[in-house]
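As provided, data.pdb (PDB, C-alpha atoms, pLDDT in the B column) reads as follows.
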ATOM      1  CA  MET P 183      96.698 120.026  92.825  1.00 94.00           C
ATOM      2  CA  LYS P 184      96.633 116.455  91.567  1.00 96.00           C
ATOM      3  CA  GLY P 185      95.764 114.016  94.328  1.00 97.00           C
ATOM      4  CA  ILE P 186      97.987 110.968  94.670  1.00 96.00           C
ATOM      5  CA  ARG P 187      96.736 107.717  96.174  1.00 96.00           C
ATOM      6  CA  VAL P 188      99.293 106.295  98.597  1.00 96.00           C
ATOM      7  CA  ASP P 189      99.620 103.191 100.752  1.00 93.00           C
ATOM      8  CA  ASN P 190     101.123 105.003 103.754  1.00 95.00           C
ATOM      9  CA  ILE P 191      99.531 108.367 104.498  1.00 96.00           C
ATOM     10  CA  MET P 192     101.832 109.133 107.452  1.00 96.00           C
ATOM     11  CA  ALA P 193     104.944 108.612 105.311  1.00 98.00           C
ATOM     12  CA  ALA P 194     103.437 110.877 102.638  1.00 97.00           C
ATOM     13  CA  MET P 195     102.695 113.575 105.228  1.00 97.00           C
ATOM     14  CA  ASN P 196     106.202 113.325 106.698  1.00 97.00           C
ATOM     15  CA  ALA P 197     107.638 113.621 103.173  1.00 97.00           C
ATOM     16  CA  GLY P 198     105.599 116.782 102.532  1.00 97.00           C
ATOM     17  CA  GLN P 199     103.511 115.129  99.821  1.00 97.00           C
ATOM     18  CA  ARG P 200     100.557 117.536  99.825  1.00 97.00           C
ATOM     19  CA  GLY P 201      97.492 116.157  98.071  1.00 97.00           C
ATOM     20  CA  ALA P 202      98.243 112.531  98.962  1.00 98.00           C
ATOM     21  CA  PHE P 203      95.208 110.483 100.033  1.00 97.00           C
ATOM     22  CA  LYS P 204      94.464 107.026 101.431  1.00 95.00           C
ATOM     23  CA  PHE P 205      91.127 105.303 101.950  1.00 93.00           C
ATOM     24  CA  TRP P 206      90.409 103.840 105.378  1.00 89.00           C
ATOM     25  CA  ALA P 207      87.874 101.483 106.872  1.00 85.00           C
ATOM     26  CA  ARG P 208      87.209 100.600 110.489  1.00 76.00           C
ATOM     27  CA  GLY P 209      88.731  97.254 111.441  1.00 70.00           C
ATOM     28  CA  ASP P 210      90.273  96.818 107.992  1.00 59.00           C
ATOM     29  CA  ASN P 211      93.732  98.158 107.341  1.00 55.00           C
ATOM     30  CA  PRO P 212      93.941  98.716 104.400  1.00 54.00           C
ATOM     31  CA  PRO P 213      90.344  98.473 103.192  1.00 54.00           C
ATOM     32  CA  ASP P 214      89.907  95.571 100.804  1.00 55.00           C
ATOM     33  CA  HIS P 215      88.599  96.172  97.298  1.00 59.00           C
ATOM     34  CA  ASP P 216      85.349  94.290  97.949  1.00 63.00           C
ATOM     35  CA  ARG P 217      84.249  96.545 100.782  1.00 71.00           C
ATOM     36  CA  ALA P 218      83.455 100.236 100.581  1.00 79.00           C
ATOM     37  CA  PRO P 219      85.796 102.384 102.662  1.00 88.00           C
ATOM     38  CA  ASP P 220      84.455 104.461 105.548  1.00 88.00           C
ATOM     39  CA  GLY P 221      86.399 107.545 104.499  1.00 91.00           C
ATOM     40  CA  LEU P 222      89.719 108.888 103.371  1.00 94.00           C
ATOM     41  CA  ASN P 223      92.673 110.618 104.958  1.00 95.00           C
ATOM     42  CA  PHE P 224      94.506 113.301 103.024  1.00 97.00           C
ATOM     43  CA  VAL P 225      97.562 115.488 103.319  1.00 97.00           C
ATOM     44  CA  CYS P 226      96.149 119.019 103.252  1.00 96.00           C
ATOM     45  CA  PRO P 227      97.071 120.967 100.112  1.00 96.00           C
ATOM     46  CA  GLY P 228      97.304 124.107 102.259  1.00 95.00           C
ATOM     47  CA  CYS P 229      99.309 123.285 105.371  1.00 94.00           C
ATOM     48  CA  GLY P 230     100.524 119.714 104.803  1.00 95.00           C
ATOM     49  CA  ASP P 231      98.866 118.341 107.955  1.00 94.00           C
ATOM     50  CA  LEU P 232      96.650 115.272 108.040  1.00 94.00           C
ATOM     51  CA  GLY P 233      92.930 115.639 107.372  1.00 94.00           C
ATOM     52  CA  SER P 234      90.127 113.099 107.313  1.00 92.00           C
ATOM     53  CA  LEU P 235      86.715 112.732 105.660  1.00 93.00           C
ATOM     54  CA  GLU P 236      84.035 110.276 106.768  1.00 91.00           C
ATOM     55  CA  PHE P 237      81.687 109.136 104.030  1.00 90.00           C
ATOM     56  CA  GLN P 238      77.936 109.527 104.300  1.00 83.00           C
ATOM     57  CA  GLY P 239      76.190 106.601 105.954  1.00 71.00           C
ATOM     58  CA  ARG P 240      79.462 105.320 107.476  1.00 61.00           C
ATOM     59  CA  ARG P 241      79.509 107.552 110.584  1.00 57.00           C
ATOM     60  CA  HIS P 242      78.542 105.179 113.399  1.00 56.00           C
ATOM     61  CA  GLY P 243      74.928 105.306 112.238  1.00 54.00           C
ATOM     62  CA  LEU P 244      74.853 109.098 112.132  1.00 56.00           C
ATOM     63  CA  GLY P 245      73.808 111.161 109.154  1.00 57.00           C
ATOM     64  CA  GLY P 246      76.012 113.656 107.416  1.00 66.00           C
ATOM     65  CA  GLY P 247      79.488 113.178 106.099  1.00 86.00           C
ATOM     66  CA  TRP P 248      80.774 113.410 102.543  1.00 93.00           C
ATOM     67  CA  THR P 249      79.480 111.655  99.472  1.00 92.00           C
ATOM     68  CA  TRP P 250      82.012 109.730  97.393  1.00 93.00           C
ATOM     69  CA  ASN P 251      81.686 108.761  93.740  1.00 95.00           C
ATOM     70  CA  GLY P 252      83.163 105.269  94.247  1.00 93.00           C
ATOM     71  CA  ASP P 253      86.299 105.932  92.182  1.00 95.00           C
ATOM     72  CA  ARG P 254      89.390 104.850  94.130  1.00 93.00           C
ATOM     73  CA  GLU P 255      91.897 106.419  91.716  1.00 93.00           C
ATOM     74  CA  ALA P 256      90.161 109.751  90.972  1.00 96.00           C
ATOM     75  CA  PRO P 257      87.721 110.356  93.842  1.00 97.00           C
ATOM     76  CA  THR P 258      85.138 113.098  93.971  1.00 98.00           C
ATOM     77  CA  CYS P 259      83.823 114.014  97.413  1.00 97.00           C
ATOM     78  CA  THR P 260      81.143 116.545  98.252  1.00 95.00           C
ATOM     79  CA  PRO P 261      80.472 118.930  99.900  1.00 94.00           C
ATOM     80  CA  SER P 262      83.562 121.124 100.054  1.00 95.00           C
ATOM     81  CA  ILE P 263      86.373 120.463 102.517  1.00 95.00           C
ATOM     82  CA  LEU P 264      87.317 123.012 105.177  1.00 93.00           C
ATOM     83  CA  HIS P 265      90.518 121.808 106.809  1.00 91.00           C
ATOM     84  CA  ASP P 266      90.973 122.887 110.436  1.00 81.00           C
ATOM     85  CA  SER P 267      89.669 126.418 110.281  1.00 71.00           C
ATOM     86  CA  ARG P 268      91.503 127.293 113.542  1.00 78.00           C
ATOM     87  CA  THR P 269      94.979 126.837 112.083  1.00 80.00           C
ATOM     88  CA  CYS P 270      95.055 126.221 108.335  1.00 90.00           C
ATOM     89  CA  GLY P 271      91.713 127.163 106.858  1.00 90.00           C
ATOM     90  CA  TRP P 272      92.268 125.545 103.441  1.00 95.00           C
ATOM     91  CA  HIS P 273      88.884 125.373 101.757  1.00 96.00           C
ATOM     92  CA  GLY P 274      88.294 123.512  98.539  1.00 97.00           C
ATOM     93  CA  TYR P 275      87.042 120.429  96.754  1.00 97.00           C
ATOM     94  CA  LEU P 276      88.332 116.979  95.873  1.00 98.00           C
ATOM     95  CA  THR P 277      87.017 116.535  92.327  1.00 98.00           C
ATOM     96  CA  ALA P 278      88.094 113.822  89.873  1.00 98.00           C
ATOM     97  CA  GLY P 279      91.202 113.194  91.956  1.00 97.00           C
ATOM     98  CA  GLU P 280      92.255 116.853  92.160  1.00 98.00           C
ATOM     99  CA  PHE P 281      92.238 119.146  95.180  1.00 98.00           C
ATOM    100  CA  ARG P 282      90.870 122.507  94.017  1.00 97.00           C
ATOM    101  CA  SER P 283      90.865 125.592  96.215  1.00 96.00           C
ATOM    102  CA  CYS P 284      87.691 127.683  96.469  1.00 93.00           C
TER
END
Entire entry expressed as structure tokens:
Amino acid sequence: MKGIRVDNIMAAMNAGQRGAFKFWARGDNPPDHDRAPDGLNFVCPGCGDLGSLEFQGRRHGLGGGWTWNGDREAPTCTPSILHDSRTCGWHGYLTAGEFRSC
């Protein structure tokens, strides 16, 4: 599913726009283009609910998180994404701006 960068992730979710994504940064709404975002929110390709990824090194000083290739239009994030395994369970990748199921 082709990912679509949006300005308003809640509007995209409410409109059922699965695969929409928006970068976010703490204290900066929206993140400016000179500063790396802390993560991205996405509308799950499986269930249509909101999901969130925090990028590596941006997690309140904690390790872990997802890597990001720096491309704001066609992002690649690793490792895989498992969205809310209790309810949805969509598992896949965001690669070159596309959500791909495992």
Next on the checklist: When the PyMOL selection byres ((chain P and resi 257-271) around 10) is applied to the structure above, which residues does it catch, written out as a PyMOL selection string?
Outcome noted: chain P and resi 185+187+203+221-222+226-235+237-238+247-256+272-284
Checklist entry - Taking the file as shown, what set of residues would the PyMOL selection byres ((chain P and resi 205) around 8) give back, as a PyMOL selection string? => result chain P and resi 203-204+206-207+212-213+219-223
Checklist entry - What is the distance between atom CA of P:Ile186 and atom CA of P:Gly201, in Å to one decimal? => result 6.2 Å
Next on the checklist: Would you compute the distance between atom CA of P:Met183 and atom CA of P:Val225? Give it in Å to one decimal.
Outcome noted: 11.5 Å
